[in-house]
>>> print(open('work13.tsv').read())   # TSV, C-alpha atoms
chain	number	residue	atom	x	y	z
K	30	MET	CA	-49.68	-14.59	-30.46
K	31	LEU	CA	-46.49	-16.13	-31.67
K	32	GLU	CA	-44.69	-19.05	-30.21
K	33	SER	CA	-41.10	-18.40	-29.35
K	34	GLU	CA	-39.92	-21.75	-30.62
K	35	VAL	CA	-41.38	-20.80	-33.94
K	36	PHE	CA	-39.74	-17.43	-33.62
K	37	VAL	CA	-36.33	-18.95	-32.95
K	38	SER	CA	-36.46	-21.16	-35.99
K	39	MET	CA	-37.85	-18.31	-38.04
K	40	THR	CA	-34.99	-16.01	-37.24
K	41	ALA	CA	-32.61	-18.33	-38.99
K	42	GLU	CA	-34.23	-17.49	-42.27
K	43	THR	CA	-35.75	-14.19	-41.45
K	44	GLY	CA	-33.56	-11.92	-43.51
K	45	SER	CA	-35.50	-12.26	-46.70
K	46	LYS	CA	-38.84	-12.07	-44.88
K	47	HIS	CA	-37.98	-8.74	-43.35
K	48	GLU	CA	-36.44	-7.40	-46.50
K	49	ALA	CA	-39.82	-7.86	-48.07
K	50	THR	CA	-41.33	-5.52	-45.50
K	51	ARG	CA	-38.68	-2.90	-46.00
K	52	GLY	CA	-39.68	-2.21	-49.59
K	53	ASP	CA	-37.36	-1.30	-52.39
K	54	THR	CA	-33.86	-2.70	-52.15
K	55	ASN	CA	-32.72	-1.48	-55.55
K	56	PHE	CA	-30.70	1.23	-53.84
K	57	LEU	CA	-28.15	-1.41	-52.89
K	58	PRO	CA	-25.08	-1.62	-55.16
K	59	LYS	CA	-24.85	-4.94	-56.91
K	60	SER	CA	-21.13	-5.44	-56.38
K	61	SER	CA	-18.34	-4.08	-54.25
K	62	HIS	CA	-15.78	-3.39	-56.97
K	63	LYS	CA	-16.70	0.28	-57.10
K	64	ARG	CA	-15.47	0.86	-53.57
K	65	SER	CA	-12.60	3.24	-52.99
K	66	LYS	CA	-9.03	2.04	-53.08
K	67	ASP	CA	-7.94	3.53	-49.76
K	68	PRO	CA	-5.91	1.29	-47.40
K	69	ALA	CA	-8.88	0.49	-45.17
K	70	ALA	CA	-10.94	-0.58	-48.14
K	71	GLU	CA	-8.04	-2.64	-49.41
K	72	ALA	CA	-7.70	-4.33	-46.04
K	73	ALA	CA	-11.42	-5.06	-45.96
K	74	SER	CA	-11.24	-6.37	-49.47
K	75	ALA	CA	-8.33	-8.64	-48.56
K	76	ARG	CA	-10.26	-10.03	-45.64
K	77	ARG	CA	-13.31	-10.59	-47.80
K	78	ARG	CA	-11.20	-12.63	-50.12
K	79	GLY	CA	-11.09	-14.93	-47.12
K	80	GLY	CA	-14.84	-15.11	-47.60
K	81	ARG	CA	-16.18	-13.60	-44.41
K	82	THR	CA	-18.13	-10.44	-43.75
K	83	LEU	CA	-17.03	-8.70	-40.59
K	84	VAL	CA	-19.55	-7.20	-38.17
K	85	LEU	CA	-18.12	-5.06	-35.40
K	86	MET	CA	-20.26	-4.71	-32.30
K	87	ALA	CA	-19.48	-1.75	-30.04
K	88	ASN	CA	-22.86	-1.05	-28.51
K	89	GLU	CA	-23.73	-0.90	-24.86
K	90	PRO	CA	-24.71	-2.23	-22.42
K	91	ARG	CA	-22.59	-5.33	-22.50
K	92	ALA	CA	-25.48	-7.79	-22.15
K	93	TYR	CA	-27.01	-6.38	-25.35
K	94	ARG	CA	-23.70	-6.54	-27.18
K	95	GLU	CA	-22.93	-10.09	-26.19
K	96	GLY	CA	-26.47	-11.40	-26.56
K	97	ILE	CA	-27.00	-10.02	-30.04
K	98	ALA	CA	-23.49	-11.04	-31.09
K	99	ALA	CA	-24.16	-14.60	-29.98
K	100	VAL	CA	-27.36	-14.78	-31.99
K	101	ILE	CA	-25.80	-13.38	-35.16
K	102	SER	CA	-22.86	-15.70	-34.74
K	103	GLN	CA	-25.13	-18.72	-34.46
K	104	LEU	CA	-27.64	-17.81	-37.15
K	105	ARG	CA	-25.13	-16.35	-39.59
K	106	PRO	CA	-22.07	-18.59	-39.11
K	107	GLU	CA	-20.53	-17.27	-42.31
K	108	VAL	CA	-20.26	-13.83	-40.70
K	109	GLU	CA	-17.34	-12.92	-38.46
K	110	ILE	CA	-18.30	-11.00	-35.32
K	111	LYS	CA	-16.00	-8.87	-33.22
K	112	THR	CA	-17.15	-7.27	-29.99
K	113	VAL	CA	-15.33	-4.27	-28.56
K	114	GLU	CA	-15.98	-1.67	-25.89
K	115	PRO	CA	-17.82	1.41	-27.20
K	116	LYS	CA	-14.84	3.63	-26.45
K	117	ALA	CA	-12.76	1.53	-28.85
K	118	LEU	CA	-15.16	2.06	-31.76
K	119	ASP	CA	-13.08	4.46	-33.84
K	120	THR	CA	-9.79	2.65	-33.38
K	121	SER	CA	-11.46	-0.67	-34.13
K	122	ILE	CA	-12.95	0.70	-37.34
K	123	GLU	CA	-9.49	1.74	-38.41
K	124	ARG	CA	-7.96	-1.54	-37.34
K	125	PHE	CA	-10.52	-4.03	-38.65
K	126	SER	CA	-12.30	-2.18	-41.49
K	127	PRO	CA	-15.61	-3.83	-40.66
K	128	ASP	CA	-18.35	-4.28	-43.23
K	129	MET	CA	-20.96	-3.40	-40.64
K	130	VAL	CA	-21.01	-1.80	-37.21
K	131	ILE	CA	-23.59	-1.92	-34.44
K	132	CYS	CA	-23.03	0.81	-31.86
K	133	SER	CA	-24.90	3.03	-29.43
K	134	LYS	CA	-23.59	6.32	-30.78
K	135	ALA	CA	-22.55	6.86	-34.38
K	136	THR	CA	-19.25	8.71	-34.65
K	137	GLU	CA	-17.86	10.67	-37.59
K	138	ALA	CA	-15.32	7.91	-38.20
K	139	LEU	CA	-18.18	5.44	-38.43
K	140	LYS	CA	-20.32	7.57	-40.73
K	141	GLY	CA	-17.38	8.29	-43.00
K	142	GLY	CA	-15.78	4.89	-43.03
K	143	VAL	CA	-18.40	2.14	-42.80
K	144	ARG	CA	-21.13	1.53	-45.38
K	145	VAL	CA	-23.55	-0.30	-43.11
K	146	TRP	CA	-24.13	0.64	-39.51
K	147	VAL	CA	-26.81	0.59	-36.86
K	148	GLU	CA	-27.12	3.02	-33.99
K	149	LEU	CA	-28.93	0.74	-31.58
K	150	TYR	CA	-30.94	2.29	-28.75
K	151	PRO	CA	-28.88	5.52	-28.50
K	152	GLU	CA	-28.99	6.82	-24.93
K	153	ASN	CA	-31.18	3.86	-24.04
K	154	ALA	CA	-34.01	5.22	-26.20
K	155	ALA	CA	-36.41	3.04	-28.18
K	156	LEU	CA	-35.56	4.55	-31.56
K	157	SER	CA	-32.74	2.99	-33.57
K	158	VAL	CA	-31.20	4.22	-36.79
K	159	ALA	CA	-29.55	2.25	-39.58
K	160	SER	CA	-27.54	3.41	-42.54
K	161	ILE	CA	-27.33	0.93	-45.39
K	162	GLY	CA	-25.24	2.00	-48.33
K	163	GLY	CA	-25.97	5.62	-47.48
K	164	ARG	CA	-29.68	5.11	-47.03
K	165	ARG	CA	-30.99	6.01	-43.60
K	166	ILE	CA	-33.73	3.93	-42.00
K	167	GLU	CA	-35.34	4.64	-38.63
K	168	TYR	CA	-36.80	1.88	-36.52
K	169	ALA	CA	-39.28	2.75	-33.79
K	170	GLU	CA	-38.86	-0.71	-32.32
K	171	ILE	CA	-36.10	-2.64	-34.02
K	172	GLN	CA	-36.42	-6.42	-33.93
K	173	LEU	CA	-33.76	-9.08	-34.01
K	174	PRO	CA	-34.86	-10.15	-37.51
K	175	ASP	CA	-34.30	-6.55	-38.65
K	176	LEU	CA	-30.71	-6.73	-37.42
K	177	LEU	CA	-30.19	-10.05	-39.18
K	178	SER	CA	-31.62	-8.56	-42.35
K	179	ILE	CA	-29.17	-5.67	-42.13
K	180	VAL	CA	-26.32	-8.14	-41.61
K	181	ASP	CA	-27.42	-9.90	-44.79
K	182	LYS	CA	-27.40	-6.61	-46.67
K	183	ALA	CA	-23.94	-5.82	-45.35
K	184	ALA	CA	-22.74	-9.21	-46.61
K	185	GLU	CA	-24.37	-8.54	-49.95
K	186	LEU	CA	-22.64	-5.17	-50.20
K	187	ALA	CA	-19.30	-6.60	-49.14
K	188	ASN	CA	-19.33	-9.36	-51.68
L	23	MET	CA	-45.83	-5.68	-30.07
L	24	ALA	CA	-47.37	-9.02	-29.19
L	25	VAL	CA	-46.97	-11.05	-26.06
L	26	ILE	CA	-45.19	-14.18	-27.13
L	27	GLU	CA	-46.15	-17.43	-25.53
L	28	ASN	CA	-44.56	-20.77	-25.67
L	29	HIS	CA	-45.56	-24.13	-24.30
L	30	ALA	CA	-43.15	-25.30	-21.68
L	31	ARG	CA	-41.12	-28.43	-22.12
L	32	GLU	CA	-41.47	-30.77	-19.22
L	33	TYR	CA	-38.91	-30.30	-16.41
L	34	SER	CA	-37.67	-27.01	-17.87
L	35	THR	CA	-37.29	-23.73	-16.04
L	36	ARG	CA	-40.02	-21.56	-17.51
L	37	ILE	CA	-38.96	-17.98	-18.11
L	38	LEU	CA	-40.91	-14.79	-18.72
L	39	LEU	CA	-38.91	-11.94	-20.27
L	40	VAL	CA	-40.20	-8.42	-19.64
L	41	GLU	CA	-38.05	-6.01	-21.62
L	42	ASP	CA	-39.05	-3.26	-24.03
L	43	HIS	CA	-35.91	-3.37	-26.20
L	44	ALA	CA	-37.20	-6.07	-28.51
L	45	SER	CA	-33.96	-7.02	-30.24
L	46	PHE	CA	-32.27	-7.61	-26.89
L	47	ARG	CA	-35.26	-9.44	-25.46
L	48	GLN	CA	-35.32	-11.74	-28.49
L	49	ALA	CA	-31.58	-12.31	-28.23
L	50	LEU	CA	-31.97	-13.14	-24.55
L	51	ALA	CA	-34.77	-15.56	-25.39
L	52	PHE	CA	-32.49	-17.19	-27.91
L	53	MET	CA	-29.72	-17.52	-25.32
L	54	PHE	CA	-32.05	-19.24	-22.88
L	55	GLU	CA	-33.70	-21.42	-25.48
L	56	ARG	CA	-30.43	-22.92	-26.60
L	57	GLU	CA	-29.93	-24.32	-23.11
L	58	GLN	CA	-31.83	-27.56	-22.59
L	59	GLU	CA	-32.98	-26.66	-19.11
L	60	PHE	CA	-34.77	-23.42	-20.03
L	61	VAL	CA	-37.86	-22.59	-21.98
L	62	VAL	CA	-39.04	-19.05	-22.57
L	63	THR	CA	-42.77	-19.26	-22.06
L	64	GLY	CA	-43.47	-15.59	-22.55
L	65	GLN	CA	-42.04	-12.34	-23.82
L	66	ALA	CA	-43.52	-8.95	-23.01
L	67	GLY	CA	-42.46	-5.43	-23.92
L	68	SER	CA	-44.51	-3.61	-21.33
L	69	LEU	CA	-46.17	-3.98	-17.95
L	70	ALA	CA	-49.56	-4.39	-19.64
L	71	GLU	CA	-48.27	-7.23	-21.80
L	72	ALA	CA	-46.65	-8.93	-18.84
L	73	ARG	CA	-49.88	-8.71	-16.85
L	74	ALA	CA	-51.87	-10.02	-19.81
L	75	PHE	CA	-49.51	-12.97	-20.05
L	76	MET	CA	-49.77	-13.73	-16.33
L	77	ARG	CA	-53.57	-13.62	-16.52
L	78	LYS	CA	-53.62	-15.91	-19.52
L	79	VAL	CA	-50.98	-18.34	-18.28
L	80	PRO	CA	-51.12	-17.96	-14.49
L	81	ASN	CA	-48.93	-20.96	-13.79
L	82	GLY	CA	-46.56	-20.64	-16.70
L	83	VAL	CA	-43.53	-18.99	-15.12
L	84	ASP	CA	-40.78	-20.04	-12.72
L	85	VAL	CA	-38.46	-17.07	-13.21
L	86	ALA	CA	-39.34	-13.62	-14.56
L	87	VAL	CA	-36.50	-11.48	-15.88
L	88	VAL	CA	-37.77	-7.92	-15.58
L	89	ASP	CA	-36.44	-4.58	-16.76
L	90	LEU	CA	-37.30	-1.66	-14.49
L	91	ALA	CA	-37.82	1.06	-17.09
L	92	LEU	CA	-40.77	0.05	-19.24
L	93	PRO	CA	-42.84	2.21	-21.58
L	94	ASP	CA	-45.92	2.15	-19.36
L	95	GLY	CA	-44.19	2.54	-16.00
L	96	ASP	CA	-41.63	1.22	-13.55
L	97	GLY	CA	-41.41	-2.50	-12.98
L	98	PHE	CA	-41.81	-2.26	-9.20
L	99	GLU	CA	-45.54	-2.98	-9.11
L	100	LEU	CA	-45.11	-5.92	-11.43
L	101	ILE	CA	-42.36	-7.27	-9.18
L	102	GLU	CA	-44.75	-7.01	-6.23
L	103	GLU	CA	-47.44	-8.84	-8.16
L	104	LEU	CA	-45.02	-11.57	-9.15
L	105	ALA	CA	-43.71	-11.81	-5.59
L	106	SER	CA	-47.23	-12.57	-4.40
L	107	ARG	CA	-46.96	-15.86	-6.29
L	108	PRO	CA	-44.76	-18.13	-4.18
L	109	ASP	CA	-43.66	-20.19	-7.17
L	110	VAL	CA	-42.33	-17.26	-9.20
L	111	MET	CA	-38.93	-15.62	-8.69
L	112	THR	CA	-37.95	-12.31	-10.24
L	113	LEU	CA	-34.55	-11.29	-11.50
L	114	VAL	CA	-34.27	-7.59	-12.25
L	115	LEU	CA	-32.08	-6.77	-15.25
L	116	SER	CA	-31.71	-3.03	-15.36
L	117	ALA	CA	-29.66	-0.33	-17.02
L	118	SER	CA	-30.15	1.86	-13.97
L	119	LEU	CA	-27.07	2.75	-11.96
L	120	GLU	CA	-29.12	4.18	-9.10
L	121	PRO	CA	-28.62	1.92	-6.08
L	122	ALA	CA	-31.87	3.23	-4.62
L	123	ARG	CA	-33.88	1.92	-7.60
L	124	LEU	CA	-32.27	-1.49	-7.38
L	125	ALA	CA	-32.85	-1.50	-3.63
L	126	ARG	CA	-36.50	-0.65	-4.20
L	127	ALA	CA	-36.76	-3.61	-6.56
L	128	VAL	CA	-35.47	-5.88	-3.82
L	129	GLU	CA	-37.97	-4.37	-1.39
L	130	ALA	CA	-40.71	-5.08	-3.93
L	131	GLY	CA	-39.70	-8.73	-3.91
L	132	ALA	CA	-36.98	-9.24	-6.52
L	133	ALA	CA	-34.81	-12.23	-5.72
L	134	GLY	CA	-31.84	-10.71	-7.51
L	135	VAL	CA	-30.70	-7.66	-9.39
L	136	LEU	CA	-28.24	-7.50	-12.25
L	137	HIS	CA	-27.00	-4.56	-14.23
L	138	LYS	CA	-27.13	-4.79	-18.00
L	139	SER	CA	-23.39	-4.27	-18.10
L	140	ALA	CA	-23.14	-7.87	-16.90
L	141	ALA	CA	-21.97	-10.51	-19.34
L	142	ILE	CA	-24.81	-12.34	-21.04
L	143	GLY	CA	-23.56	-15.58	-19.52
L	144	GLU	CA	-23.98	-14.06	-16.06
L	145	VAL	CA	-27.65	-13.42	-16.78
L	146	VAL	CA	-28.24	-17.02	-17.80
L	147	GLU	CA	-26.24	-18.25	-14.82
L	148	ALA	CA	-28.16	-16.00	-12.42
L	149	VAL	CA	-31.45	-17.58	-13.52
L	150	ARG	CA	-29.94	-21.03	-13.16
L	151	ARG	CA	-28.78	-20.21	-9.62
L	152	LEU	CA	-32.15	-18.78	-8.66
L	153	LYS	CA	-33.98	-21.85	-9.87
L	154	SER	CA	-31.63	-24.12	-7.98
L	155	GLY	CA	-32.51	-22.26	-4.80
L	156	GLU	CA	-29.29	-20.33	-4.46
L	157	ALA	CA	-29.53	-16.77	-3.15
L	158	LEU	CA	-28.11	-14.14	-5.47
L	159	LEU	CA	-27.96	-11.60	-2.69
L	160	SER	CA	-26.48	-12.27	0.72
L	161	PRO	CA	-28.63	-11.46	3.76
L	162	ALA	CA	-26.28	-8.55	4.49
L	163	GLU	CA	-26.80	-7.13	1.00
L	164	VAL	CA	-30.58	-7.46	1.31
L	165	ILE	CA	-30.55	-5.74	4.69
L	166	GLU	CA	-28.38	-2.91	3.37
L	167	MET	CA	-30.69	-2.43	0.39
L	168	LEU	CA	-33.78	-2.39	2.57
L	169	ARG	CA	-32.12	0.12	4.86
L	170	MET	CA	-31.33	2.27	1.85
L	171	VAL	CA	-34.97	2.24	0.76
L	172	SER	CA	-36.05	3.06	4.28
L	173	ARG	CA	-33.58	5.96	4.54
L	174	LYS	CA	-34.68	7.32	1.20
L	175	ARG	CA	-38.34	7.10	2.20
L	176	GLN	CA	-37.62	8.87	5.50
L	177	GLU	CA	-35.70	11.64	3.71
L	178	GLU	CA	-38.59	12.09	1.31
L	179	TYR	CA	-41.07	12.27	4.19
L	180	GLU	CA	-38.99	14.87	6.03
L	181	ALA	CA	-38.56	16.89	2.86
L	182	GLN	CA	-42.31	16.96	2.31
L	183	ARG	CA	-42.84	18.05	5.90
L	184	ALA	CA	-40.35	20.89	5.40
L	185	ILE	CA	-41.97	21.95	2.14
L	186	GLU	CA	-45.38	22.08	3.82
L	187	LYS	CA	-43.99	24.64	6.26
L	188	LEU	CA	-43.15	27.11	3.50
L	189	THR	CA	-45.57	29.96	2.93
L	190	PRO	CA	-46.78	30.78	-0.61
L	191	ARG	CA	-44.56	33.90	-0.55
L	192	GLU	CA	-41.51	31.86	0.42
L	193	LYS	CA	-42.23	29.48	-2.45
L	194	GLN	CA	-42.35	32.46	-4.79
L	195	VAL	CA	-38.94	33.55	-3.50
L	196	LEU	CA	-37.58	30.07	-4.15
L	197	GLN	CA	-39.05	30.04	-7.65
L	198	ALA	CA	-37.43	33.40	-8.37
L	199	LEU	CA	-34.15	31.99	-7.07
L	200	GLY	CA	-34.60	29.14	-9.54
L	201	GLU	CA	-34.90	31.67	-12.31
L	202	GLY	CA	-31.39	32.82	-11.49
L	203	LEU	CA	-32.35	36.09	-9.81
L	204	ASP	CA	-30.28	37.67	-7.03
L	205	SER	CA	-31.69	39.33	-3.90
L	206	LYS	CA	-32.20	42.69	-5.58
L	207	ASP	CA	-33.97	41.20	-8.60
L	208	ILE	CA	-36.13	38.95	-6.44
L	209	ALA	CA	-37.17	41.95	-4.36
L	210	GLU	CA	-38.03	43.88	-7.48
L	211	LYS	CA	-39.92	41.01	-9.03
L	212	LEU	CA	-42.01	40.46	-5.90
L	213	HIS	CA	-42.37	44.22	-5.12
L	214	ILE	CA	-40.76	43.89	-1.71
L	215	THR	CA	-37.71	45.44	-0.12
L	216	ILE	CA	-34.35	43.70	-0.11
L	217	GLU	CA	-34.61	43.42	3.68
L	218	THR	CA	-37.92	41.58	3.35
L	219	GLU	CA	-36.43	39.31	0.70
L	220	ARG	CA	-33.58	38.49	3.07
L	221	THR	CA	-36.02	37.78	5.88
L	222	HIS	CA	-37.89	35.38	3.60
L	223	MET	CA	-34.64	33.70	2.67
L	224	VAL	CA	-33.54	33.24	6.28
L	225	ASN	CA	-36.91	31.66	7.03
L	226	ILE	CA	-36.58	29.37	3.99
L	227	LEU	CA	-33.10	28.24	5.06
L	228	ASN	CA	-34.36	27.51	8.57
L	229	LYS	CA	-37.42	25.60	7.41
L	230	LEU	CA	-35.53	23.51	4.88
L	231	ASP	CA	-32.63	23.02	7.32
L	232	VAL	CA	-30.04	24.14	4.79
L	233	HIS	CA	-27.26	26.71	5.06
L	234	SER	CA	-27.10	28.59	1.80
L	235	ARG	CA	-29.19	29.87	-1.09
L	236	LEU	CA	-27.58	27.28	-3.33
L	237	GLN	CA	-28.49	24.45	-0.98
L	238	ALA	CA	-32.04	25.76	-0.80
L	239	LEU	CA	-32.19	25.80	-4.57
L	240	VAL	CA	-30.83	22.25	-4.87
L	241	PHE	CA	-33.35	21.06	-2.28
L	242	ALA	CA	-36.23	22.78	-4.05
L	243	ALA	CA	-35.23	21.43	-7.47
L	244	ARG	CA	-34.75	17.90	-6.15
L	245	HIS	CA	-38.22	17.84	-4.68
L	246	GLY	CA	-39.98	19.45	-7.59
L	247	LEU	CA	-40.63	22.73	-5.80
L	248	VAL	CA	-39.04	24.87	-8.49
L	249	GLU	CA	-38.23	24.56	-12.13
L	250	ILE	CA	-34.70	25.60	-13.01
L	251	ARG	CA	-34.82	27.79	-16.11
>>> encode(input="work13.tsv", output="structure tokens")
Amino acid sequence: MLESEVFVSMTAETGSKHEATRGDTNFLPKSSHKRSKDPAAEAASARRRGGRTLVLMANEPRAYREGIAAVISQLRPEVEIKTVEPKALDTSIERFSPDMVICSKATEALKGGVRVWVELYPENAALSVASIGGRRIEYAEIQLPDLLSIVDKAAELAN
Amino acid sequence: MAVIENHAREYSTRILLVEDHASFRQALAFMFEREQEFVVTGQAGSLAEARAFMRKVPNGVDVAVVDLALPDGDGFELIEELASRPDVMTLVLSASLEPARLARAVEAGAAGVLHKSAAIGEVVEAVRRLKSGEALLSPAEVIEMLRMVSRKRQEEYEAQRAIEKLTPREKQVLQALGEGLDSKDIAEKLHITIETERTHMVNILNKLDVHSRLQALVFAARHGLVEIR
């Protein structure tokens, strides 16, 4: 039994705890300077010079999107969050060049253009899939600390 | 997944979250916890966990926020169990777009229903309104929902009565129809003449009170009489 007050305070520092359970993290690049020089990457790079990692949230339903966005925003204040409707996913990727995307259905534009993404509860199923720097991870029951951990990895990759 | 308990702060609205999508449930708990007036006393990812929590902390909940589609069944029975406690109110938070399911939740005793496409602030506000004694559904809405459940139940009863009238042979004809066969193929499959097949079909249409083969097939599929292959 866990106490939720403990849980809430734990989530603020949970990234490293959950990384420890995910095993090897050596697959992660140590810096972002090897990224391609295409316009989107340049735009992302310019934004990062402002110091903030951008997480785009385009998952559904709305309550999930807004609830999870609010938590990330509060527990990771250094991260910029944008929420958009799922149908605007591809255009928003092009427009904002996010460092990480959380969506309900991964599109080709997402897979080809974003290094870190999470397909959260596709078709309302329990299984979620993440791609972190090209490495695919499946979660039978993804937890909020897992999402925060992935955000941390996205920030690490971006900077 | 563990049931998560929390000790209530005094004068807070105590909330039980029953939702199998853990990351959303935890985010929802966070949203409530950051408001001074709420404390999330329990989190459960299944009916079994919710029941275990209610047994362990029988007086620990003012408002239960319950998803309908849970891994070990629909939330309707749980809603009925919660409704038997006069001090507990249930808000259904569902991804279902079927009005009949939401109506059934109200019949089971839910004080309100919200779709998950609602803004997260609406969810928090709905719990606040419930606790303050405000009705989330107007009497007219409740009556309409109860009527809907009643209609649906009556339709189901009549359908079962109609199905009971079908002979085994007529059910075989319907199954063959579900396999995409036409009159000639059905006759061949069942070793009967086309005229006999047509007689069976006329009888099926009469018994099911439908007007075409397609309608008969839709009826049969809807009530689990045939498998469409």
>>> interface_residues(input="work13.tsv", of="chain L", to="chain K", cutoff="9 Å", atoms="only C-alpha atoms", output="ChimeraX atom specification")
/L:23-29,42-53,55,61-65,117,137-145
>>> closest_residue(input="work13.tsv", among="L:Met170, L:Val164, L:Ala127, L:Leu227", to="Glu192 of chain L", atoms="all atoms listed in the file")
L:Leu227
>>> residues_around(input="work13.tsv", residues="Lys111 of chain K", least_positions_apart="6", cutoff="12 Å", atoms="only C-alpha atoms", output="PyMOL selection string")
chain K and resi 82-88+94-95+97-99+101-102+117-118+121-122+124-131
>>> residues_near_point(input="work13.tsv", point="(-47.2, -1.5, -6.1)", cutoff="9 Å", atoms="all atoms listed in the file", output="list in words")
Phe98, Glu99, Leu100, Ile101, Glu102, Glu103 and Ala130 of chain L
>>> residues_around(input="work13.tsv", residues="segment 149-160 of chain L", least_positions_apart="2", cutoff="10 Å", atoms="only C-alpha atoms", output="ChimeraX atom specification")
/L:35-37,54,59-60,84-87,110-113,128,133-136,144-147,162-166
>>> closest_residue(input="work13.tsv", among="L:Leu236, L:Leu124, L:Val114, L:His245", to="Leu203 of chain L", atoms="all atoms listed in the file")
L:Leu236
>>> atom_distance(input="work13.tsv", atom1="atom CA of Asp94 of chain L", atom2="atom CA of Leu69 of chain L")
6.3 Å
>>> atom_distance(input="work13.tsv", atom1="atom CA of Lys211 of chain L", atom2="atom CA of Lys193 of chain L")
13.5 Å
>>> atom_distance(input="work13.tsv", atom1="atom CA of Ser34 of chain L", atom2="atom CA of Asp96 of chain L")
28.8 Å
>>> closest_residue(input="work13.tsv", among="L:Arg107, L:Lys229, L:Arg126, L:Lys78", to="Glu186 of chain L", atoms="all atoms listed in the file")
L:Lys229
